[in-house]
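Data file: data.pdb. Format and content: PDB, C-alpha atoms.
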```
ATOM      1  CA  MET A   1     -27.903  -3.699  23.304  1.00  0.00           C
ATOM      2  CA  ALA A   2     -28.757  -5.254  19.949  1.00  0.00           C
ATOM      3  CA  THR A   3     -27.401  -8.667  19.125  1.00  0.00           C
ATOM      4  CA  PRO A   4     -23.965  -8.617  17.448  1.00  0.00           C
ATOM      5  CA  PRO A   5     -23.354 -10.769  14.358  1.00  0.00           C
ATOM      6  CA  LYS A   6     -23.467 -14.389  15.533  1.00  0.00           C
ATOM      7  CA  ASP A   7     -20.714 -15.640  13.242  1.00  0.00           C
ATOM      8  CA  VAL A   8     -18.121 -13.092  14.350  1.00  0.00           C
ATOM      9  CA  GLU A   9     -15.590 -13.656  17.110  1.00  0.00           C
ATOM     10  CA  GLN A  10     -15.746 -10.521  19.231  1.00  0.00           C
ATOM     11  CA  PRO A  11     -12.942  -9.120  21.388  1.00  0.00           C
ATOM     12  CA  ALA A  12     -13.894  -8.987  25.086  1.00  0.00           C
ATOM     13  CA  GLU A  13     -12.732  -5.383  25.460  1.00  0.00           C
ATOM     14  CA  PHE A  14     -11.931  -2.336  23.389  1.00  0.00           C
ATOM     15  CA  ASP A  15     -10.330   0.973  24.175  1.00  0.00           C
ATOM     16  CA  PHE A  16      -9.002   3.695  21.964  1.00  0.00           C
ATOM     17  CA  THR A  17      -5.271   4.303  21.795  1.00  0.00           C
ATOM     18  CA  PRO A  18      -3.931   7.305  23.737  1.00  0.00           C
ATOM     19  CA  GLU A  19      -3.465   9.108  20.423  1.00  0.00           C
ATOM     20  CA  ASN A  20      -7.069   8.472  19.450  1.00  0.00           C
ATOM     21  CA  HIS A  21      -8.296   9.588  22.892  1.00  0.00           C
ATOM     22  CA  GLU A  22      -6.606  12.924  22.184  1.00  0.00           C
ATOM     23  CA  GLN A  23      -8.250  12.981  18.756  1.00  0.00           C
ATOM     24  CA  ILE A  24     -11.625  12.233  20.351  1.00  0.00           C
ATOM     25  CA  LYS A  25     -11.284  15.296  22.597  1.00  0.00           C
ATOM     26  CA  LYS A  26     -10.755  17.437  19.505  1.00  0.00           C
ATOM     27  CA  ILE A  27     -13.709  15.852  17.681  1.00  0.00           C
ATOM     28  CA  ILE A  28     -16.120  16.348  20.583  1.00  0.00           C
ATOM     29  CA  ALA A  29     -14.968  19.967  20.953  1.00  0.00           C
ATOM     30  CA  ARG A  30     -16.406  20.662  17.478  1.00  0.00           C
ATOM     31  CA  TYR A  31     -19.944  20.315  18.819  1.00  0.00           C
ATOM     32  CA  PRO A  32     -21.918  22.562  21.212  1.00  0.00           C
ATOM     33  CA  GLU A  33     -21.974  21.734  24.905  1.00  0.00           C
ATOM     34  CA  GLY A  34     -24.430  18.898  25.547  1.00  0.00           C
ATOM     35  CA  LYS A  35     -24.482  17.832  21.882  1.00  0.00           C
ATOM     36  CA  GLN A  36     -21.497  15.486  22.092  1.00  0.00           C
ATOM     37  CA  GLN A  37     -23.583  12.584  20.739  1.00  0.00           C
ATOM     38  CA  SER A  38     -23.268  14.215  17.322  1.00  0.00           C
ATOM     39  CA  ALA A  39     -19.703  12.890  17.351  1.00  0.00           C
ATOM     40  CA  VAL A  40     -20.868   9.278  17.085  1.00  0.00           C
ATOM     41  CA  MET A  41     -20.035   8.902  13.389  1.00  0.00           C
ATOM     42  CA  PRO A  42     -16.476  10.259  13.540  1.00  0.00           C
ATOM     43  CA  LEU A  43     -15.836   8.077  16.605  1.00  0.00           C
ATOM     44  CA  LEU A  44     -17.168   4.996  14.788  1.00  0.00           C
ATOM     45  CA  ASP A  45     -14.847   5.835  11.893  1.00  0.00           C
ATOM     46  CA  LEU A  46     -11.939   6.205  14.322  1.00  0.00           C
ATOM     47  CA  ALA A  47     -12.745   2.834  15.932  1.00  0.00           C
ATOM     48  CA  GLN A  48     -13.001   1.150  12.551  1.00  0.00           C
ATOM     49  CA  ARG A  49      -9.625   2.469  11.419  1.00  0.00           C
ATOM     50  CA  GLN A  50      -7.995   1.448  14.713  1.00  0.00           C
ATOM     51  CA  HIS A  51      -9.500  -2.048  14.644  1.00  0.00           C
ATOM     52  CA  GLY A  52      -8.439  -3.204  11.194  1.00  0.00           C
ATOM     53  CA  GLY A  53     -11.401  -2.012   9.170  1.00  0.00           C
ATOM     54  CA  TRP A  54     -14.343  -3.175  11.283  1.00  0.00           C
ATOM     55  CA  ILE A  55     -16.097  -2.174  14.501  1.00  0.00           C
ATOM     56  CA  PRO A  56     -16.488  -4.784  17.244  1.00  0.00           C
ATOM     57  CA  THR A  57     -19.390  -4.607  19.672  1.00  0.00           C
ATOM     58  CA  ALA A  58     -17.013  -3.670  22.495  1.00  0.00           C
ATOM     59  CA  ALA A  59     -16.021  -0.558  20.545  1.00  0.00           C
ATOM     60  CA  MET A  60     -19.661   0.510  20.273  1.00  0.00           C
ATOM     61  CA  VAL A  61     -20.055   0.076  24.034  1.00  0.00           C
ATOM     62  CA  CYS A  62     -16.893   2.153  24.542  1.00  0.00           C
ATOM     63  CA  ILE A  63     -18.227   4.911  22.279  1.00  0.00           C
ATOM     64  CA  ALA A  64     -21.590   4.917  24.075  1.00  0.00           C
ATOM     65  CA  LYS A  65     -19.811   5.495  27.388  1.00  0.00           C
ATOM     66  CA  ILE A  66     -17.629   8.266  25.987  1.00  0.00           C
ATOM     67  CA  LEU A  67     -20.607  10.075  24.439  1.00  0.00           C
ATOM     68  CA  ASP A  68     -23.023   9.265  27.297  1.00  0.00           C
ATOM     69  CA  MET A  69     -25.630   7.776  24.979  1.00  0.00           C
ATOM     70  CA  PRO A  70     -27.545   4.467  24.872  1.00  0.00           C
ATOM     71  CA  GLU A  71     -25.541   1.602  23.389  1.00  0.00           C
ATOM     72  CA  ILE A  72     -28.415   0.692  21.079  1.00  0.00           C
ATOM     73  CA  ARG A  73     -28.238   4.100  19.397  1.00  0.00           C
ATOM     74  CA  VAL A  74     -24.554   3.626  18.604  1.00  0.00           C
ATOM     75  CA  PHE A  75     -25.375   0.189  17.187  1.00  0.00           C
ATOM     76  CA  GLU A  76     -28.207   1.688  15.102  1.00  0.00           C
ATOM     77  CA  VAL A  77     -25.842   4.192  13.488  1.00  0.00           C
ATOM     78  CA  ALA A  78     -23.132   1.568  12.898  1.00  0.00           C
ATOM     79  CA  THR A  79     -25.559  -0.789  11.188  1.00  0.00           C
ATOM     80  CA  PHE A  80     -27.399   1.859   9.146  1.00  0.00           C
ATOM     81  CA  TYR A  81     -24.504   3.363   7.202  1.00  0.00           C
ATOM     82  CA  THR A  82     -22.757   1.045   4.751  1.00  0.00           C
ATOM     83  CA  MET A  83     -19.334   2.588   5.328  1.00  0.00           C
ATOM     84  CA  PHE A  84     -19.275   1.071   8.795  1.00  0.00           C
ATOM     85  CA  LYS A  85     -18.416  -2.639   8.950  1.00  0.00           C
ATOM     86  CA  ILE A  86     -19.428  -4.807  11.893  1.00  0.00           C
ATOM     87  CA  LYS A  87     -17.709  -7.922  10.563  1.00  0.00           C
ATOM     88  CA  PRO A  88     -14.026  -8.406   9.715  1.00  0.00           C
ATOM     89  CA  VAL A  89     -12.960  -7.336   6.225  1.00  0.00           C
ATOM     90  CA  GLY A  90      -9.788  -7.837   4.259  1.00  0.00           C
ATOM     91  CA  GLU A  91      -6.815  -5.520   4.579  1.00  0.00           C
ATOM     92  CA  ASN A  92      -7.913  -4.234   1.168  1.00  0.00           C
ATOM     93  CA  LEU A  93     -11.689  -3.865   0.957  1.00  0.00           C
ATOM     94  CA  ILE A  94     -12.623  -3.767  -2.739  1.00  0.00           C
ATOM     95  CA  GLN A  95     -15.968  -2.049  -3.172  1.00  0.00           C
ATOM     96  CA  VAL A  96     -17.192  -2.614  -6.713  1.00  0.00           C
ATOM     97  CA  CYS A  97     -19.787  -0.203  -8.065  1.00  0.00           C
ATOM     98  CA  THR A  98     -22.376  -1.927 -10.265  1.00  0.00           C
ATOM     99  CA  THR A  99     -24.942   0.852 -10.467  1.00  0.00           C
ATOM    100  CA  THR A 100     -26.218   1.724 -13.968  1.00  0.00           C
ATOM    101  CA  PRO A 101     -23.309   3.819 -15.396  1.00  0.00           C
ATOM    102  CA  CYS A 102     -20.706   1.316 -14.191  1.00  0.00           C
ATOM    103  CA  MET A 103     -22.822  -1.655 -15.323  1.00  0.00           C
ATOM    104  CA  LEU A 104     -23.171  -0.111 -18.788  1.00  0.00           C
ATOM    105  CA  ARG A 105     -19.363   0.026 -18.886  1.00  0.00           C
ATOM    106  CA  ASP A 106     -18.940  -3.629 -17.826  1.00  0.00           C
ATOM    107  CA  GLY A 107     -18.824  -3.073 -14.082  1.00  0.00           C
ATOM    108  CA  ASP A 108     -20.280  -6.540 -13.631  1.00  0.00           C
ATOM    109  CA  GLU A 109     -17.228  -7.922 -15.450  1.00  0.00           C
ATOM    110  CA  ILE A 110     -14.980  -6.079 -12.993  1.00  0.00           C
ATOM    111  CA  LEU A 111     -16.877  -7.725 -10.142  1.00  0.00           C
ATOM    112  CA  ALA A 112     -16.608 -11.151 -11.766  1.00  0.00           C
ATOM    113  CA  THR A 113     -12.875 -10.639 -12.298  1.00  0.00           C
ATOM    114  CA  CYS A 114     -12.351  -9.761  -8.627  1.00  0.00           C
ATOM    115  CA  LYS A 115     -14.218 -12.896  -7.527  1.00  0.00           C
ATOM    116  CA  ARG A 116     -12.329 -15.139  -9.925  1.00  0.00           C
ATOM    117  CA  LYS A 117      -8.933 -13.580  -9.199  1.00  0.00           C
ATOM    118  CA  LEU A 118      -9.298 -13.769  -5.420  1.00  0.00           C
ATOM    119  CA  GLY A 119     -11.325 -16.972  -5.219  1.00  0.00           C
ATOM    120  CA  VAL A 120     -13.869 -15.502  -2.804  1.00  0.00           C
ATOM    121  CA  GLY A 121     -17.447 -14.310  -3.050  1.00  0.00           C
ATOM    122  CA  LEU A 122     -19.104 -11.156  -1.811  1.00  0.00           C
ATOM    123  CA  ASP A 123     -18.431 -10.281   1.827  1.00  0.00           C
ATOM    124  CA  GLU A 124     -15.866 -13.047   2.156  1.00  0.00           C
ATOM    125  CA  VAL A 125     -12.236 -12.577   3.154  1.00  0.00           C
ATOM    126  CA  THR A 126      -9.333 -14.252   1.384  1.00  0.00           C
ATOM    127  CA  PRO A 127      -7.510 -16.856   3.518  1.00  0.00           C
ATOM    128  CA  ASP A 128      -4.483 -14.544   3.886  1.00  0.00           C
ATOM    129  CA  GLY A 129      -6.757 -11.751   5.157  1.00  0.00           C
ATOM    130  CA  LYS A 130      -5.577  -9.335   2.485  1.00  0.00           C
ATOM    131  CA  PHE A 131      -8.744  -8.873   0.427  1.00  0.00           C
ATOM    132  CA  SER A 132     -12.501  -8.869   0.572  1.00  0.00           C
ATOM    133  CA  ILE A 133     -15.067  -7.846  -2.016  1.00  0.00           C
ATOM    134  CA  GLU A 134     -18.262  -5.898  -1.618  1.00  0.00           C
ATOM    135  CA  GLU A 135     -20.831  -4.824  -4.224  1.00  0.00           C
ATOM    136  CA  VAL A 136     -21.979  -1.269  -3.603  1.00  0.00           C
ATOM    137  CA  GLU A 137     -24.391   1.283  -4.973  1.00  0.00           C
ATOM    138  CA  CYS A 138     -23.236   4.415  -6.767  1.00  0.00           C
ATOM    139  CA  LEU A 139     -19.837   5.687  -5.636  1.00  0.00           C
ATOM    140  CA  GLY A 140     -20.300   8.931  -7.562  1.00  0.00           C
ATOM    141  CA  ALA A 141     -17.582   8.583 -10.207  1.00  0.00           C
ATOM    142  CA  CYS A 142     -19.917   7.754 -13.098  1.00  0.00           C
ATOM    143  CA  VAL A 143     -17.969   9.685 -15.746  1.00  0.00           C
ATOM    144  CA  ASN A 144     -14.939   7.433 -15.256  1.00  0.00           C
ATOM    145  CA  ALA A 145     -16.864   4.161 -15.011  1.00  0.00           C
ATOM    146  CA  PRO A 146     -16.289   1.377 -14.336  1.00  0.00           C
ATOM    147  CA  MET A 147     -14.604   1.978 -11.037  1.00  0.00           C
ATOM    148  CA  VAL A 148     -13.954   0.527  -7.600  1.00  0.00           C
ATOM    149  CA  GLN A 149     -13.088   1.969  -4.225  1.00  0.00           C
ATOM    150  CA  ILE A 150     -10.343   0.191  -2.309  1.00  0.00           C
ATOM    151  CA  ASN A 151     -10.159   1.447   1.270  1.00  0.00           C
ATOM    152  CA  ASP A 152     -10.012   5.251   0.898  1.00  0.00           C
ATOM    153  CA  ASP A 153      -8.996   5.423  -2.783  1.00  0.00           C
ATOM    154  CA  TYR A 154     -10.828   5.385  -6.117  1.00  0.00           C
ATOM    155  CA  TYR A 155      -9.578   3.390  -9.126  1.00  0.00           C
ATOM    156  CA  GLU A 156     -11.338   4.397 -12.332  1.00  0.00           C
ATOM    157  CA  ASP A 157     -11.530   3.557 -16.056  1.00  0.00           C
ATOM    158  CA  LEU A 158     -10.969  -0.084 -15.207  1.00  0.00           C
ATOM    159  CA  THR A 159     -10.756  -3.133 -17.404  1.00  0.00           C
ATOM    160  CA  PRO A 160     -10.505  -6.745 -16.241  1.00  0.00           C
ATOM    161  CA  GLU A 161      -6.766  -6.539 -16.960  1.00  0.00           C
ATOM    162  CA  THR A 162      -6.188  -3.359 -14.961  1.00  0.00           C
ATOM    163  CA  ILE A 163      -8.121  -4.554 -11.892  1.00  0.00           C
ATOM    164  CA  GLU A 164      -6.092  -7.777 -11.962  1.00  0.00           C
ATOM    165  CA  ARG A 165      -2.880  -5.734 -12.075  1.00  0.00           C
ATOM    166  CA  ILE A 166      -4.044  -3.549  -9.184  1.00  0.00           C
ATOM    167  CA  ILE A 167      -4.828  -6.640  -7.088  1.00  0.00           C
ATOM    168  CA  ASP A 168      -1.410  -8.114  -7.884  1.00  0.00           C
ATOM    169  CA  GLN A 169       0.322  -4.866  -6.884  1.00  0.00           C
ATOM    170  CA  LEU A 170      -1.608  -4.579  -3.626  1.00  0.00           C
ATOM    171  CA  ALA A 171      -0.897  -8.229  -2.812  1.00  0.00           C
ATOM    172  CA  ALA A 172       2.814  -7.560  -3.351  1.00  0.00           C
ATOM    173  CA  GLY A 173       2.687  -4.455  -1.147  1.00  0.00           C
ATOM    174  CA  GLU A 174       3.543  -2.214  -4.072  1.00  0.00           C
ATOM    175  CA  LYS A 175       2.413   1.375  -4.572  1.00  0.00           C
ATOM    176  CA  VAL A 176      -0.565   1.592  -6.901  1.00  0.00           C
ATOM    177  CA  ASP A 177      -1.533   4.670  -8.864  1.00  0.00           C
ATOM    178  CA  ILE A 178      -4.989   5.822  -7.852  1.00  0.00           C
ATOM    179  CA  GLY A 179      -7.561   7.524 -10.086  1.00  0.00           C
ATOM    180  CA  SER A 180      -7.963   6.855 -13.793  1.00  0.00           C
ATOM    181  CA  GLN A 181      -6.067   3.809 -14.994  1.00  0.00           C
ATOM    182  CA  GLN A 182      -6.092   5.249 -18.542  1.00  0.00           C
ATOM    183  CA  GLY A 183      -4.465   8.502 -17.547  1.00  0.00           C
ATOM    184  CA  ARG A 184      -7.565  10.615 -17.959  1.00  0.00           C
ATOM    185  CA  GLN A 185      -7.555  13.839 -15.982  1.00  0.00           C
ATOM    186  CA  GLY A 186     -10.769  14.666 -14.192  1.00  0.00           C
ATOM    187  CA  SER A 187     -13.707  13.746 -16.366  1.00  0.00           C
ATOM    188  CA  MET A 188     -12.335  14.756 -19.765  1.00  0.00           C
ATOM    189  CA  ALA A 189     -13.309  12.746 -22.837  1.00  0.00           C
ATOM    190  CA  GLU A 190     -11.365   9.546 -23.537  1.00  0.00           C
ATOM    191  CA  THR A 191     -10.114  11.174 -26.747  1.00  0.00           C
ATOM    192  CA  GLY A 192      -8.585  14.069 -24.798  1.00  0.00           C
ATOM    193  CA  PRO A 193      -9.688  17.539 -23.683  1.00  0.00           C
ATOM    194  CA  THR A 194     -12.315  19.209 -25.847  1.00  0.00           C
ATOM    195  CA  SER A 195     -12.093  22.615 -24.192  1.00  0.00           C
ATOM    196  CA  LEU A 196      -9.630  24.576 -22.054  1.00  0.00           C
ATOM    197  CA  LYS A 197      -6.855  22.876 -24.000  1.00  0.00           C
ATOM    198  CA  GLU A 198      -4.146  25.370 -23.128  1.00  0.00           C
ATOM    199  CA  LEU A 199      -4.457  25.744 -19.393  1.00  0.00           C
ATOM    200  CA  GLN A 200      -1.434  27.264 -17.743  1.00  0.00           C
ATOM    201  CA  PRO A 201      -0.296  26.222 -14.244  1.00  0.00           C
ATOM    202  CA  ALA A 202      -1.509  28.571 -11.520  1.00  0.00           C
ATOM    203  CA  GLU A 203       1.177  31.015 -10.305  1.00  0.00           C
TER     204      GLU A 203
END
```

When written as structure tokens, how does the structure in this file appear?
Amino acid sequence: MATPPKDVEQPAEFDFTPENHEQIKKIIARYPEGKQQSAVMPLLDLAQRQHGGWIPTAAMVCIAKILDMPEIRVFEVATFYTMFKIKPVGENLIQVCTTTPCMLRDGDEILATCKRKLGVGLDEVTPDGKFSIEEVECLGACVNAPMVQINDDYYEDLTPETIERIIDQLAAGEKVDIGSQQGRQGSMAETGPTSLKELQPAE
């Protein structure tokens, strides 16, 4: 088994909840007989969601046993894909895109605002455990740049003011509108739709 992060306090044991064990049966059933190891990524995702946003080493050992595969291979998958976290993260993981389209639209200012507002740097967790910040490569929402992903949701067309408001709302436990913060629909121009202006609702 590969060495876990040295600066992380690891739980001694991990097991999935009864509900997740039932879910695991359904996930494994999606794959042909003998190919259950293909379920490693969905099981890592399940473990991460159950364990507060990160995957402890004990969870990887548990998954290896369930899928009858070497522990090192589970660790390799968990450490290769950036959506899997092997260190604790905040309750709200703010992933700031700073790839070219977002950077051209002041994505670096959004990142700086997050750091200043929360008083933490990249990959650090706020003292109350509510937030952490990560800089990521393209999140695929270039037309509505700059944008961030917070947990499973996208927040687009951001300004320093709107990201500060979103952080305040999340800190207060309030509902936050996802998507464009300017009210844009899809990827239409900022000045409004330029085609298909009279769409009727589907019947």

task: For the structure provided, state which residues fall under the PyMOL selection byres ((chain A and resi 84) around 8), and present them as an NGL selection string.
output: :A and (44-45 or 48 or 54-55 or 78-79 or 81-83 or 85-86)

message: Once the PyMOL selection byres ((chain A and resi 111) around 12) has been evaluated on this model, what residues remain selected, and can you format them as a count of residues only?
response: 39

message: Please expand the PyMOL selection byres ((chain A and resi 69) around 12) into the concrete residues it hits in this file, giving the result as number ranges by chain.
response: A: 1, 34-40, 60-68, 70-76

message: As an exercise, work out the distance from atom CA of A:Cys138 to atom CA of A:Asn92 in Å and give it to one decimal place.
response: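 Going from atom CA of A:Cys138 over to atom CA of A:Asn92, I get 19.3 Å.
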
field: Straight-line distance linking atom CA of A:Cys142 with atom CA of A:Gly186, stated in Å to one decimal
entry: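 So the answer is 11.5 Å.
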
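Within 8 Å of the point (-11.9, -3.4, 26.2), and counting all atoms listed in the file, the protein, DNA and RNA residues are A:Pro11, A:Ala12, A:Glu13, A:Phe14, A:Asp15, A:Ala58, A:Ala59, A:Cys62.
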
Could you write those residues out with C-alpha atoms, as a PDB file, in the coordinates of the input?
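Final output, selection03.pdb:
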```
ATOM      1  CA  PRO A  11     -12.942  -9.120  21.388  1.00  0.00           C
ATOM      2  CA  ALA A  12     -13.894  -8.987  25.086  1.00  0.00           C
ATOM      3  CA  GLU A  13     -12.732  -5.383  25.460  1.00  0.00           C
ATOM      4  CA  PHE A  14     -11.931  -2.336  23.389  1.00  0.00           C
ATOM      5  CA  ASP A  15     -10.330   0.973  24.175  1.00  0.00           C
ATOM      6  CA  ALA A  58     -17.013  -3.670  22.495  1.00  0.00           C
ATOM      7  CA  ALA A  59     -16.021  -0.558  20.545  1.00  0.00           C
ATOM      8  CA  CYS A  62     -16.893   2.153  24.542  1.00  0.00           C
TER       9      CYS A  62
END
```

Write out as AutoDock Vina command-line options an axis-aligned box for stretch 130-149 of chain A: all of its atoms listed in the file, 8 Å added on each side, centre and edge lengths in Å with one decimal.
```
--center_x -15.0 --center_y 0.2 --center_z -6.6 --size_x 34.8 --size_y 35.0 --size_z 34.2
```

Write out as a PDB file with C-alpha atoms, in the coordinates of the input the residues lying within 8 Å of stretch 168-179 of chain A, counting only C-alpha atoms and excluding same-chain residues fewer than 3 positions away.
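In the end it all went to result_36.pdb:
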```
ATOM      1  CA  ASN A  92      -7.913  -4.234   1.168  1.00  0.00           C
ATOM      2  CA  LYS A 130      -5.577  -9.335   2.485  1.00  0.00           C
ATOM      3  CA  ASP A 153      -8.996   5.423  -2.783  1.00  0.00           C
ATOM      4  CA  TYR A 154     -10.828   5.385  -6.117  1.00  0.00           C
ATOM      5  CA  TYR A 155      -9.578   3.390  -9.126  1.00  0.00           C
ATOM      6  CA  GLU A 156     -11.338   4.397 -12.332  1.00  0.00           C
ATOM      7  CA  GLU A 164      -6.092  -7.777 -11.962  1.00  0.00           C
ATOM      8  CA  ARG A 165      -2.880  -5.734 -12.075  1.00  0.00           C
TER       9      ARG A 165
END
```

message: If we count all atoms listed in the file and set the cut-off at 10 Å, which residues sit around A:Ser187, ignoring sequence neighbours fewer than 4 positions away in its own chain? Please answer as a PyMOL selection string.
response: chain A and resi 141-144+180+192-193

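Nearest to A:Glu22 of all the residues A:Thr162, A:Val8, A:Gly140, A:Leu43 is A:Leu43, based on all atoms listed in the file.
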